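So this one's structure_5.txt, compact mmCIF, C-alpha atoms:
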```txt
# COMPACT_ATOMS: atom_id res chain seq x y z
CA MET A 1 -5.74 -1.57 84.30
CA ASP A 2 -3.01 -4.15 84.76
CA SER A 3 -5.22 -7.10 83.75
CA CYS A 4 -8.29 -7.53 81.59
CA VAL A 5 -11.46 -8.57 83.43
CA ILE A 6 -13.89 -10.48 81.20
CA PRO A 7 -17.33 -11.42 82.59
CA LEU A 8 -18.13 -15.04 81.74
CA ARG A 9 -21.44 -16.57 80.79
CA HIS A 10 -21.57 -18.72 83.89
CA GLY A 11 -22.59 -17.84 87.44
CA GLY A 12 -21.20 -14.35 87.92
CA LEU A 13 -17.63 -15.45 87.27
CA SER A 14 -14.95 -13.39 85.51
CA LEU A 15 -11.82 -14.34 83.61
CA VAL A 16 -8.89 -12.17 84.69
CA GLN A 17 -5.93 -12.43 82.34
CA THR A 18 -2.62 -10.70 81.69
CA THR A 19 0.48 -11.09 79.54
CA ASP A 20 3.97 -9.64 79.65
CA PHE A 21 7.42 -10.34 78.24
CA PHE A 22 10.83 -8.68 78.05
CA TYR A 23 14.52 -9.16 77.32
CA PRO A 24 17.06 -10.53 79.84
CA LEU A 25 18.55 -7.98 82.20
CA VAL A 26 20.53 -10.13 84.66
CA GLU A 27 23.33 -12.59 84.05
CA ASP A 28 21.81 -15.58 85.85
CA PRO A 29 19.45 -17.49 83.50
CA TYR A 30 17.60 -19.19 86.37
CA MET A 31 16.95 -15.88 88.16
CA MET A 32 15.89 -14.34 84.85
CA GLY A 33 13.21 -17.01 84.57
CA ARG A 34 12.00 -16.30 88.10
CA ILE A 35 11.92 -12.55 87.45
CA ALA A 36 9.92 -13.02 84.24
CA CYS A 37 7.32 -15.14 86.02
CA ALA A 38 7.07 -12.75 88.98
CA ASN A 39 6.60 -9.89 86.54
CA VAL A 40 3.68 -11.62 84.77
CA LEU A 41 1.95 -12.57 88.04
CA SER A 42 2.29 -9.03 89.42
CA ASP A 43 -0.49 -7.81 87.15
CA LEU A 44 -2.88 -10.21 88.90
CA TYR A 45 -1.51 -9.33 92.32
CA ALA A 46 -2.07 -5.62 91.60
CA MET A 47 -5.79 -6.40 91.56
CA GLY A 48 -5.64 -8.21 94.89
CA ILE A 49 -5.79 -11.63 93.24
CA THR A 50 -3.63 -14.17 95.05
CA GLU A 51 -4.48 -17.31 93.05
CA CYS A 52 -3.64 -18.08 89.44
CA ASP A 53 -5.30 -20.99 87.66
CA ASN A 54 -2.85 -21.36 84.79
CA MET A 55 0.26 -19.93 83.17
CA LEU A 56 1.67 -20.14 79.67
CA MET A 57 5.32 -19.38 78.92
CA LEU A 58 6.53 -17.32 75.98
CA LEU A 59 10.15 -18.01 75.08
CA SER A 60 12.33 -16.74 72.26
CA VAL A 61 15.69 -18.44 71.70
CA SER A 62 18.39 -16.27 70.15
CA GLN A 63 19.66 -17.45 66.78
CA LYS A 64 23.02 -15.91 67.74
CA MET A 65 23.54 -18.54 70.46
CA SER A 66 25.45 -21.72 69.78
CA GLU A 67 23.74 -25.07 70.28
CA LYS A 68 25.76 -25.58 73.47
CA GLU A 69 24.71 -22.19 74.83
CA ARG A 70 21.07 -22.91 74.10
CA GLU A 71 21.21 -26.29 75.81
CA LEU A 72 22.73 -24.71 78.91
CA VAL A 73 20.86 -21.40 79.20
CA MET A 74 17.29 -22.07 78.08
CA PRO A 75 16.52 -25.00 80.46
CA LEU A 76 17.70 -22.82 83.38
CA MET A 77 15.37 -19.98 82.34
CA ILE A 78 12.49 -22.43 81.98
CA ARG A 79 13.20 -23.96 85.40
CA GLY A 80 13.32 -20.52 87.04
CA PHE A 81 9.99 -19.57 85.48
CA ARG A 82 8.37 -22.85 86.55
CA ASP A 83 9.75 -22.65 90.10
CA ALA A 84 8.36 -19.14 90.58
CA ALA A 85 5.00 -20.27 89.21
CA GLU A 86 4.99 -23.14 91.69
CA GLU A 87 5.80 -20.72 94.51
CA GLY A 88 2.76 -18.74 93.38
CA GLY A 89 0.57 -21.84 93.68
CA THR A 90 0.12 -22.35 89.96
CA SER A 91 1.73 -24.25 87.10
CA VAL A 92 2.87 -23.75 83.53
CA THR A 93 0.87 -25.94 81.14
CA GLY A 94 2.02 -24.71 77.75
CA GLY A 95 3.18 -21.75 75.71
CA GLN A 96 5.23 -21.03 72.63
CA THR A 97 8.94 -21.15 71.79
CA VAL A 98 10.43 -19.49 68.72
CA VAL A 99 13.87 -18.67 67.32
CA ASN A 100 14.52 -14.96 67.12
CA PRO A 101 17.47 -12.51 66.97
CA TRP A 102 17.01 -11.88 70.72
CA ILE A 103 16.25 -13.85 73.84
CA ILE A 104 12.76 -12.96 75.08
CA ILE A 105 10.94 -14.47 78.04
CA GLY A 106 7.45 -13.86 79.39
CA GLY A 107 4.08 -15.46 79.75
CA VAL A 108 0.34 -15.35 80.22
CA ALA A 109 -1.44 -15.69 83.57
CA SER A 110 -5.14 -16.55 83.81
CA VAL A 111 -7.62 -17.00 86.65
CA VAL A 112 -11.38 -17.46 86.85
CA CYS A 113 -12.70 -15.76 89.95
CA GLN A 114 -15.68 -14.25 91.72
CA PRO A 115 -16.11 -10.48 92.14
CA ASN A 116 -14.99 -10.53 95.79
CA GLU A 117 -11.62 -12.00 94.78
CA PHE A 118 -10.38 -8.92 92.93
CA ILE A 119 -10.17 -5.20 93.71
CA MET A 120 -10.84 -2.83 90.86
CA PRO A 121 -8.17 -0.10 90.78
CA ASP A 122 -10.51 2.89 90.84
CA SER A 123 -11.66 3.72 94.38
CA ALA A 124 -8.95 5.92 95.95
CA VAL A 125 -10.34 8.79 98.02
CA PRO A 126 -8.82 11.95 99.56
CA GLY A 127 -7.15 11.04 102.84
CA ASP A 128 -5.83 7.69 101.62
CA VAL A 129 -2.16 6.84 102.00
CA LEU A 130 0.12 5.46 99.26
CA VAL A 131 2.26 2.43 100.05
CA LEU A 132 5.04 0.86 97.93
CA THR A 133 6.06 -2.76 98.53
CA LYS A 134 9.51 -2.93 96.89
CA PRO A 135 12.40 -0.45 96.77
CA LEU A 136 13.18 1.52 93.64
CA GLY A 137 16.46 1.54 91.72
CA THR A 138 16.52 -1.82 89.92
CA GLN A 139 17.40 -0.31 86.53
CA VAL A 140 20.22 1.74 88.06
CA ALA A 141 21.61 -1.30 89.89
CA VAL A 142 21.56 -3.49 86.78
CA ASN A 143 23.24 -0.83 84.64
CA ALA A 144 25.86 0.00 87.27
CA HIS A 145 26.73 -3.69 87.47
CA GLN A 146 27.25 -3.83 83.70
CA TRP A 147 29.49 -0.76 83.94
CA LEU A 148 31.97 -2.54 86.21
CA ASP A 149 33.56 -3.83 82.99
CA GLN A 150 33.26 -0.53 81.10
CA PRO A 151 35.93 1.93 82.36
CA GLU A 152 34.47 4.97 80.60
CA ARG A 153 31.12 4.39 82.31
CA TRP A 154 32.54 3.27 85.66
CA ASN A 155 34.67 6.43 85.90
CA LYS A 156 31.48 8.51 86.02
CA ILE A 157 30.20 6.82 89.18
CA LYS A 158 33.26 5.48 91.01
CA LEU A 159 33.46 8.56 93.24
CA VAL A 160 30.02 7.89 94.74
CA VAL A 161 29.96 4.09 95.01
CA SER A 162 32.37 1.19 95.49
CA LYS A 163 32.47 -1.98 93.40
CA GLU A 164 31.36 -3.98 96.45
CA GLU A 165 28.33 -1.70 96.90
CA VAL A 166 27.42 -2.14 93.24
CA GLU A 167 27.64 -5.93 93.56
CA GLN A 168 25.44 -5.85 96.69
CA ALA A 169 22.89 -3.56 95.02
CA TYR A 170 22.78 -5.79 91.95
CA GLN A 171 22.12 -8.87 94.07
CA GLU A 172 19.40 -7.00 95.98
CA ALA A 173 17.80 -5.83 92.74
CA MET A 174 17.85 -9.35 91.34
CA PHE A 175 16.24 -10.92 94.42
CA SER A 176 13.73 -8.07 94.71
CA MET A 177 12.64 -8.47 91.09
CA ALA A 178 12.25 -12.23 91.61
CA THR A 179 10.09 -11.78 94.73
CA LEU A 180 6.38 -12.38 94.20
CA ASN A 181 3.94 -9.64 95.24
CA ARG A 182 1.53 -12.33 96.44
CA THR A 183 1.73 -11.47 100.16
CA ALA A 184 0.84 -7.84 99.54
CA ALA A 185 -2.00 -8.87 97.21
CA GLY A 186 -3.63 -10.90 99.96
CA LEU A 187 -3.22 -8.11 102.51
CA MET A 188 -4.95 -5.65 100.17
CA HIS A 189 -8.25 -7.36 101.03
CA ARG A 190 -7.61 -7.49 104.76
CA PHE A 191 -6.75 -3.80 104.96
CA GLN A 192 -9.42 -2.51 102.56
CA ALA A 193 -7.18 -1.26 99.74
CA HIS A 194 -8.96 1.10 97.38
CA ALA A 195 -6.69 0.84 94.31
CA ALA A 196 -3.32 -0.54 93.24
CA THR A 197 -0.95 -1.05 90.34
CA ASP A 198 2.49 -2.60 89.96
CA VAL A 199 5.50 -0.40 89.26
CA THR A 200 7.39 -1.49 86.15
CA GLY A 201 8.61 0.08 82.93
CA PHE A 202 7.09 3.56 83.29
CA GLY A 203 8.72 4.10 86.70
CA LEU A 204 7.02 5.11 89.93
CA LEU A 205 5.62 8.41 88.67
CA GLY A 206 4.47 6.98 85.35
CA HIS A 207 2.47 4.23 87.02
CA ALA A 208 1.17 6.59 89.71
CA ARG A 209 -0.17 8.82 86.94
CA ASN A 210 -1.74 5.88 85.14
CA LEU A 211 -3.45 4.79 88.36
CA ALA A 212 -4.63 8.33 89.12
CA THR A 213 -6.35 8.63 85.74
CA THR A 214 -8.50 5.55 86.43
CA GLN A 215 -9.97 6.87 89.69
CA ARG A 216 -13.69 7.57 89.96
CA ALA A 217 -13.17 10.37 92.49
CA GLU A 218 -11.34 13.58 91.63
CA VAL A 219 -8.06 12.86 93.39
CA ALA A 220 -4.32 13.44 93.00
CA PHE A 221 -1.42 11.34 94.26
CA VAL A 222 1.38 13.23 96.03
CA ILE A 223 4.59 11.31 96.68
CA HIS A 224 6.80 12.44 99.59
CA ASN A 225 9.15 9.49 100.19
CA LEU A 226 11.28 7.41 97.83
CA PRO A 227 12.55 4.05 99.15
CA ILE A 228 15.63 3.32 97.02
CA ILE A 229 18.24 0.58 97.12
CA THR A 230 21.29 1.98 98.93
CA LYS A 231 23.57 4.19 96.78
CA MET A 232 21.37 4.03 93.69
CA ALA A 233 20.16 7.60 94.24
CA ALA A 234 23.79 8.79 94.34
CA ILE A 235 24.57 6.93 91.10
CA SER A 236 21.50 8.40 89.43
CA LYS A 237 22.56 11.93 90.42
CA ALA A 238 26.09 11.31 89.13
CA CYS A 239 24.67 10.27 85.75
CA GLY A 240 22.69 13.47 85.19
CA ASN A 241 19.42 12.85 83.35
CA LEU A 242 20.21 9.29 82.25
CA PHE A 243 17.91 7.59 84.79
CA ASN A 244 15.94 10.36 86.56
CA LEU A 245 15.39 8.01 89.50
CA LEU A 246 14.49 10.85 91.88
CA GLY A 247 12.08 12.22 89.28
CA GLY A 248 10.20 8.92 89.30
CA THR A 249 10.65 7.99 85.64
CA SER A 250 13.47 5.45 85.96
CA SER A 251 12.22 2.08 84.70
CA GLU A 252 11.70 -0.72 87.17
CA THR A 253 11.31 -4.40 86.37
CA SER A 254 8.96 -6.57 88.42
CA GLY A 255 8.68 -3.77 90.97
CA GLY A 256 6.45 -3.47 93.99
CA LEU A 257 2.75 -2.75 94.28
CA LEU A 258 1.71 0.87 94.64
CA VAL A 259 -1.36 0.66 96.88
CA SER A 260 -3.89 3.29 97.99
CA LEU A 261 -5.12 2.44 101.50
CA PRO A 262 -7.18 4.11 104.23
CA ARG A 263 -4.77 6.08 106.42
CA GLU A 264 -5.65 4.10 109.55
CA GLN A 265 -4.76 0.82 107.82
CA ALA A 266 -1.46 1.74 106.17
CA ALA A 267 1.02 1.25 109.01
CA ARG A 268 -0.43 -2.15 109.88
CA PHE A 269 -0.34 -3.16 106.22
CA CYS A 270 3.37 -2.28 106.11
CA ALA A 271 4.04 -4.20 109.31
CA GLU A 272 2.27 -7.28 107.98
CA VAL A 273 4.13 -7.25 104.65
CA LYS A 274 7.43 -7.07 106.50
CA GLY A 275 6.35 -9.49 109.22
CA GLN A 276 5.29 -12.25 106.84
CA GLY A 277 8.89 -12.64 105.71
CA SER A 278 8.27 -12.63 101.97
CA GLY A 279 11.64 -11.02 101.39
CA GLY A 280 10.22 -7.59 100.75
CA GLY A 281 9.26 -4.52 102.71
CA ALA A 282 6.65 -1.81 102.53
CA TRP A 283 6.93 1.94 102.88
CA ILE A 284 4.38 4.72 103.13
CA ILE A 285 5.43 7.04 100.33
CA GLY A 286 2.64 9.58 99.87
CA ILE A 287 -0.94 10.70 100.23
CA VAL A 288 -4.09 11.01 98.18
CA GLU A 289 -5.66 14.45 98.10
CA LYS A 290 -8.41 16.16 96.14
CA GLY A 291 -7.20 16.94 92.63
CA GLU A 292 -7.50 16.39 88.91
CA ARG A 293 -6.47 12.73 88.59
CA GLY A 294 -2.74 13.35 88.34
CA ALA A 295 0.37 12.47 90.32
CA ARG A 296 3.52 14.29 91.35
CA ILE A 297 6.63 13.94 93.49
CA ILE A 298 7.35 16.85 95.83
CA ASP A 299 10.41 19.01 95.09
CA LYS A 300 12.64 17.50 97.76
CA PRO A 301 11.37 14.01 98.53
CA ARG A 302 12.79 12.11 101.47
CA ILE A 303 15.17 9.38 100.26
CA ILE A 304 14.86 6.16 102.28
CA GLU A 305 18.05 4.17 101.71
CA VAL A 306 17.11 0.48 101.64
CA PRO A 307 20.17 -1.65 102.47
CA PRO A 308 20.67 -4.85 100.46
CA ARG A 309 19.58 -7.96 102.36
CA GLY A 310 22.37 -9.81 104.09
CA THR A 311 24.49 -6.68 104.64
CA ALA A 312 25.36 -5.46 108.11
CA ALA A 313 23.11 -2.42 107.65
CA ALA A 314 20.14 -4.61 106.72
CA ASN A 315 20.72 -6.94 109.65
CA GLN A 316 20.96 -4.00 112.05
CA GLU A 317 17.77 -2.49 110.65
CA ASN A 318 15.87 -5.77 111.06
CA SER A 319 17.08 -6.38 114.62
CA SER A 320 16.39 -2.83 115.81
CA SER A 321 13.12 -2.26 113.98
CA THR A 322 10.28 -1.35 116.32
CA SER A 323 8.21 0.64 113.85
CA PRO A 324 5.95 -0.96 111.19
CA ALA A 325 8.27 -0.06 108.35
CA PRO A 326 10.78 2.58 107.29
CA GLY A 327 9.04 5.72 106.07
CA ASP A 328 5.78 5.16 107.93
CA THR A 329 5.33 8.89 108.47
CA MET A 330 5.36 11.84 106.13
CA SER A 331 8.49 13.93 106.26
```
Could the structure of this file be written out as structure tokens, please?
Amino acid sequence: MDSCVIPLRHGGLSLVQTTDFFYPLVEDPYMMGRIACANVLSDLYAMGITECDNMLMLLSVSQKMSEKERELVMPLMIRGFRDAAEEGGTSVTGGQTVVNPWIIIGGVASVVCQPNEFIMPDSAVPGDVLVLTKPLGTQVAVNAHQWLDQPERWNKIKLVVSKEEVEQAYQEAMFSMATLNRTAAGLMHRFQAHAATDVTGFGLLGHARNLATTQRAEVAFVIHNLPIITKMAAISKACGNLFNLLGGTSSETSGGLLVSLPREQAARFCAEVKGQGSGGGAWIIGIVEKGERGARIIDKPRIIEVPPRGTAAANQENSSSTSPAPGDTMS
């Protein structure tokens, strides 16, 4: 489970709580703060919880930074974290700051709620459809961006991607990671979601397997489609086994929700996620069938290239889109 659910002594209420932290992975301190906050809140959103009562911030200041660097960088990270919390309808009331060899940022999110406010991640049934609410490829995009200044690394991928495409993918990854999964969390209730998790460090397949093991019914998740930020699949292939993006084990940070929904609800769920303008999308990526609580990606999955927002390809896709979402059918 993404969050702990603790029954309280009072009136059928439960405390739902989660914590997460990690090291910086983008250059913008403000966006890093937003990403860290979005990542913490995603564990609540994965259970269909849209409200958070309180957040604490965990912050580690690097002892390798000069006083001037600390005074510039750390307030920006704090502001980004607080702004994302405010966007999520909550606030940061405390936390802990320490000095450490590395910068670390994260937090704790807590909410007291009634049973109808959360969806336990254990009720997928054969015939359900799997939906993903953010594109894959964030780790590849971040690494490729770092390689722009490393000729020996850049030479391995320059035949499959341009520097402009790497910059665009990096920006898309950064904004995607900073986007809250709150919209999708609310729609999970409306469209009778049966189970969900957020896709982060273990990659799509790792989290799909974790979710499959928690199911009460004997089911298996089969993934047919992979929505990936444009050109990141090509970079992953050019790097051999370094990322294994197409194999589903490439790490993601603050990724989308992987949701198991009734088949008749899935296309409308995707349309609503996209239509509510939260900055994200939603793609049908697989099915739930009878099985032994495992997950797999088919041998030749369909790659859905997701163009970075603001590019001509993204604008054309938005203006010409008449279907609920890219990848709303099995290939």
Inset, instruction - Give the answer as one residue: which of A:Ala178, A:Val161, A:Leu15, A:Ile103 has the shortest atom-to-atom distance to Phe81 of chain A, using all atoms listed in the file? - result: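 Counting all atoms listed in the file, the residue closest to Phe81 of chain A is A:Ala178.
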Inset, instruction - Find the residues around Asp43 of chain A up to 9 Å (only C-alpha atoms counted), leave out those fewer than 3 positions away in its own chain, and share them as a ChimeraX atom specification. - result: /A:1-3,17-20,39-40,46-47,49,109,197-198
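Using all atoms listed in the file, the residues found no farther than 9 Å from Thr249 of chain A, other than those of its own chain fewer than 4 positions away, are Gly201, Phe202, Gly203, Leu204, Leu205, Gly206, Phe243, Asn244 and Leu245 of chain A.
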Kindly compute an axis-aligned box around the listed atoms of segment 247-256 of chain A, allowing 6 Å on each side, and express its centre and edge lengths in Å to one decimal as JSON.
```
{"center_x": 10.0, "center_y": 2.8, "center_z": 89.3, "size_x": 19.0, "size_y": 30.8, "size_z": 21.3}
```
Inset, instruction - Go through A:Ile105, A:Ala184, A:Leu72, A:Leu41 one by one, measure the shortest atom-to-atom distance of each to Leu58 of chain A using all atoms listed in the file, and give the residue with the smallest value. - result: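 Ranking A:Ile105, A:Ala184, A:Leu72, A:Leu41 by distance to Leu58 of chain A, first place goes to A:Ile105.
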Legend entry - Atomic distance atom CA of His194 of chain A - atom CA of Ala84 of chain A, expressed in Å with one decimal: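 It comes out at 27.5 Å.
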Can you save segment 168-180 of chain A of the given block to a file, including all heavy atoms and formatted as an mmCIF file, in the first residue's frame?
```
data_model
loop_
_atom_site.group_PDB
_atom_site.id
_atom_site.type_symbol
_atom_site.label_atom_id
_atom_site.label_comp_id
_atom_site.auth_asym_id
_atom_site.auth_seq_id
_atom_site.Cartn_x
_atom_site.Cartn_y
_atom_site.Cartn_z
ATOM 1 N N GLN A 168 13.373 20.022 -24.633
ATOM 2 C CA GLN A 168 11.908 19.973 -24.565
ATOM 3 C C GLN A 168 11.437 18.820 -23.689
ATOM 4 O O GLN A 168 10.510 18.974 -22.886
ATOM 5 C CB GLN A 168 11.323 19.844 -25.978
ATOM 6 C CG GLN A 168 11.493 21.089 -26.836
ATOM 7 C CD GLN A 168 11.068 20.866 -28.270
ATOM 8 O OE1 GLN A 168 10.971 19.738 -28.744
ATOM 9 N NE2 GLN A 168 10.824 21.962 -28.986
ATOM 10 N N ALA A 169 12.076 17.662 -23.821
ATOM 11 C CA ALA A 169 11.700 16.497 -23.013
ATOM 12 C C ALA A 169 11.977 16.742 -21.533
ATOM 13 O O ALA A 169 11.196 16.345 -20.666
ATOM 14 C CB ALA A 169 12.445 15.258 -23.501
ATOM 15 N N TYR A 170 13.107 17.394 -21.256
ATOM 16 C CA TYR A 170 13.462 17.714 -19.874
ATOM 17 C C TYR A 170 12.426 18.645 -19.249
ATOM 18 O O TYR A 170 11.984 18.431 -18.116
ATOM 19 C CB TYR A 170 14.853 18.346 -19.844
ATOM 20 C CG TYR A 170 15.264 18.913 -18.507
ATOM 21 C CD1 TYR A 170 15.624 18.073 -17.455
ATOM 22 C CD2 TYR A 170 15.315 20.289 -18.299
ATOM 23 C CE1 TYR A 170 16.017 18.595 -16.228
ATOM 24 C CE2 TYR A 170 15.711 20.819 -17.085
ATOM 25 C CZ TYR A 170 16.058 19.967 -16.045
ATOM 26 O OH TYR A 170 16.443 20.490 -14.833
ATOM 27 N N GLN A 171 12.028 19.671 -19.995
ATOM 28 C CA GLN A 171 11.011 20.588 -19.487
ATOM 29 C C GLN A 171 9.693 19.846 -19.253
ATOM 30 O O GLN A 171 9.018 20.068 -18.248
ATOM 31 C CB GLN A 171 10.792 21.741 -20.485
ATOM 32 C CG GLN A 171 11.976 22.690 -20.612
ATOM 33 C CD GLN A 171 12.259 23.469 -19.338
ATOM 34 O OE1 GLN A 171 11.347 23.852 -18.614
ATOM 35 N NE2 GLN A 171 13.537 23.694 -19.044
ATOM 36 N N GLU A 172 9.312 18.977 -20.188
ATOM 37 C CA GLU A 172 8.079 18.201 -20.031
ATOM 38 C C GLU A 172 8.163 17.304 -18.807
ATOM 39 O O GLU A 172 7.217 17.212 -18.007
ATOM 40 C CB GLU A 172 7.817 17.356 -21.277
ATOM 41 C CG GLU A 172 6.627 16.400 -21.154
ATOM 42 C CD GLU A 172 5.325 17.120 -20.855
ATOM 43 O OE1 GLU A 172 5.134 18.263 -21.296
ATOM 44 O OE2 GLU A 172 4.477 16.513 -20.149
ATOM 45 N N ALA A 173 9.304 16.633 -18.626
ATOM 46 C CA ALA A 173 9.471 15.767 -17.468
ATOM 47 C C ALA A 173 9.354 16.561 -16.175
ATOM 48 O O ALA A 173 8.695 16.139 -15.216
ATOM 49 C CB ALA A 173 10.828 15.061 -17.535
ATOM 50 N N MET A 174 9.967 17.740 -16.150
ATOM 51 C CA MET A 174 9.946 18.564 -14.944
ATOM 52 C C MET A 174 8.522 19.004 -14.602
ATOM 53 O O MET A 174 8.082 18.885 -13.457
ATOM 54 C CB MET A 174 10.848 19.789 -15.148
ATOM 55 C CG MET A 174 11.047 20.627 -13.909
ATOM 56 S SD MET A 174 12.489 21.720 -14.020
ATOM 57 C CE MET A 174 12.120 22.658 -15.505
ATOM 58 N N PHE A 175 7.779 19.487 -15.600
ATOM 59 C CA PHE A 175 6.409 19.920 -15.334
ATOM 60 C C PHE A 175 5.498 18.740 -15.012
ATOM 61 O O PHE A 175 4.597 18.845 -14.180
ATOM 62 C CB PHE A 175 5.874 20.723 -16.520
ATOM 63 C CG PHE A 175 6.432 22.115 -16.595
ATOM 64 C CD1 PHE A 175 7.228 22.509 -17.656
ATOM 65 C CD2 PHE A 175 6.186 23.033 -15.580
ATOM 66 C CE1 PHE A 175 7.763 23.789 -17.714
ATOM 67 C CE2 PHE A 175 6.710 24.320 -15.628
ATOM 68 C CZ PHE A 175 7.503 24.694 -16.700
ATOM 69 N N SER A 176 5.722 17.598 -15.655
ATOM 70 C CA SER A 176 4.923 16.405 -15.370
ATOM 71 C C SER A 176 5.130 15.950 -13.931
ATOM 72 O O SER A 176 4.171 15.656 -13.210
ATOM 73 C CB SER A 176 5.297 15.281 -16.341
ATOM 74 O OG SER A 176 4.582 14.099 -16.037
ATOM 75 N N MET A 177 6.389 15.913 -13.490
ATOM 76 C CA MET A 177 6.692 15.477 -12.130
ATOM 77 C C MET A 177 6.101 16.426 -11.091
ATOM 78 O O MET A 177 5.759 16.013 -9.980
ATOM 79 C CB MET A 177 8.200 15.345 -11.934
ATOM 80 C CG MET A 177 8.837 14.212 -12.707
ATOM 81 S SD MET A 177 10.604 13.969 -12.367
ATOM 82 C CE MET A 177 11.336 15.410 -13.150
ATOM 83 N N ALA A 178 5.983 17.717 -11.456
ATOM 84 C CA ALA A 178 5.455 18.713 -10.522
ATOM 85 C C ALA A 178 3.936 18.793 -10.536
ATOM 86 O O ALA A 178 3.344 19.510 -9.723
ATOM 87 C CB ALA A 178 6.039 20.083 -10.848
ATOM 88 N N THR A 179 3.291 18.061 -11.450
ATOM 89 C CA THR A 179 1.828 18.084 -11.548
ATOM 90 C C THR A 179 1.210 17.174 -10.499
ATOM 91 O O THR A 179 1.604 16.010 -10.365
ATOM 92 C CB THR A 179 1.377 17.633 -12.954
ATOM 93 O OG1 THR A 179 1.895 18.544 -13.924
ATOM 94 C CG2 THR A 179 -0.143 17.597 -13.057
ATOM 95 N N LEU A 180 0.245 17.687 -9.746
ATOM 96 C CA LEU A 180 -0.435 16.880 -8.743
ATOM 97 C C LEU A 180 -1.361 15.860 -9.403
ATOM 98 O O LEU A 180 -1.977 16.145 -10.434
ATOM 99 C CB LEU A 180 -1.271 17.772 -7.815
ATOM 100 C CG LEU A 180 -0.538 18.866 -7.036
ATOM 101 C CD1 LEU A 180 -1.517 19.599 -6.127
ATOM 102 C CD2 LEU A 180 0.616 18.293 -6.225
#
```
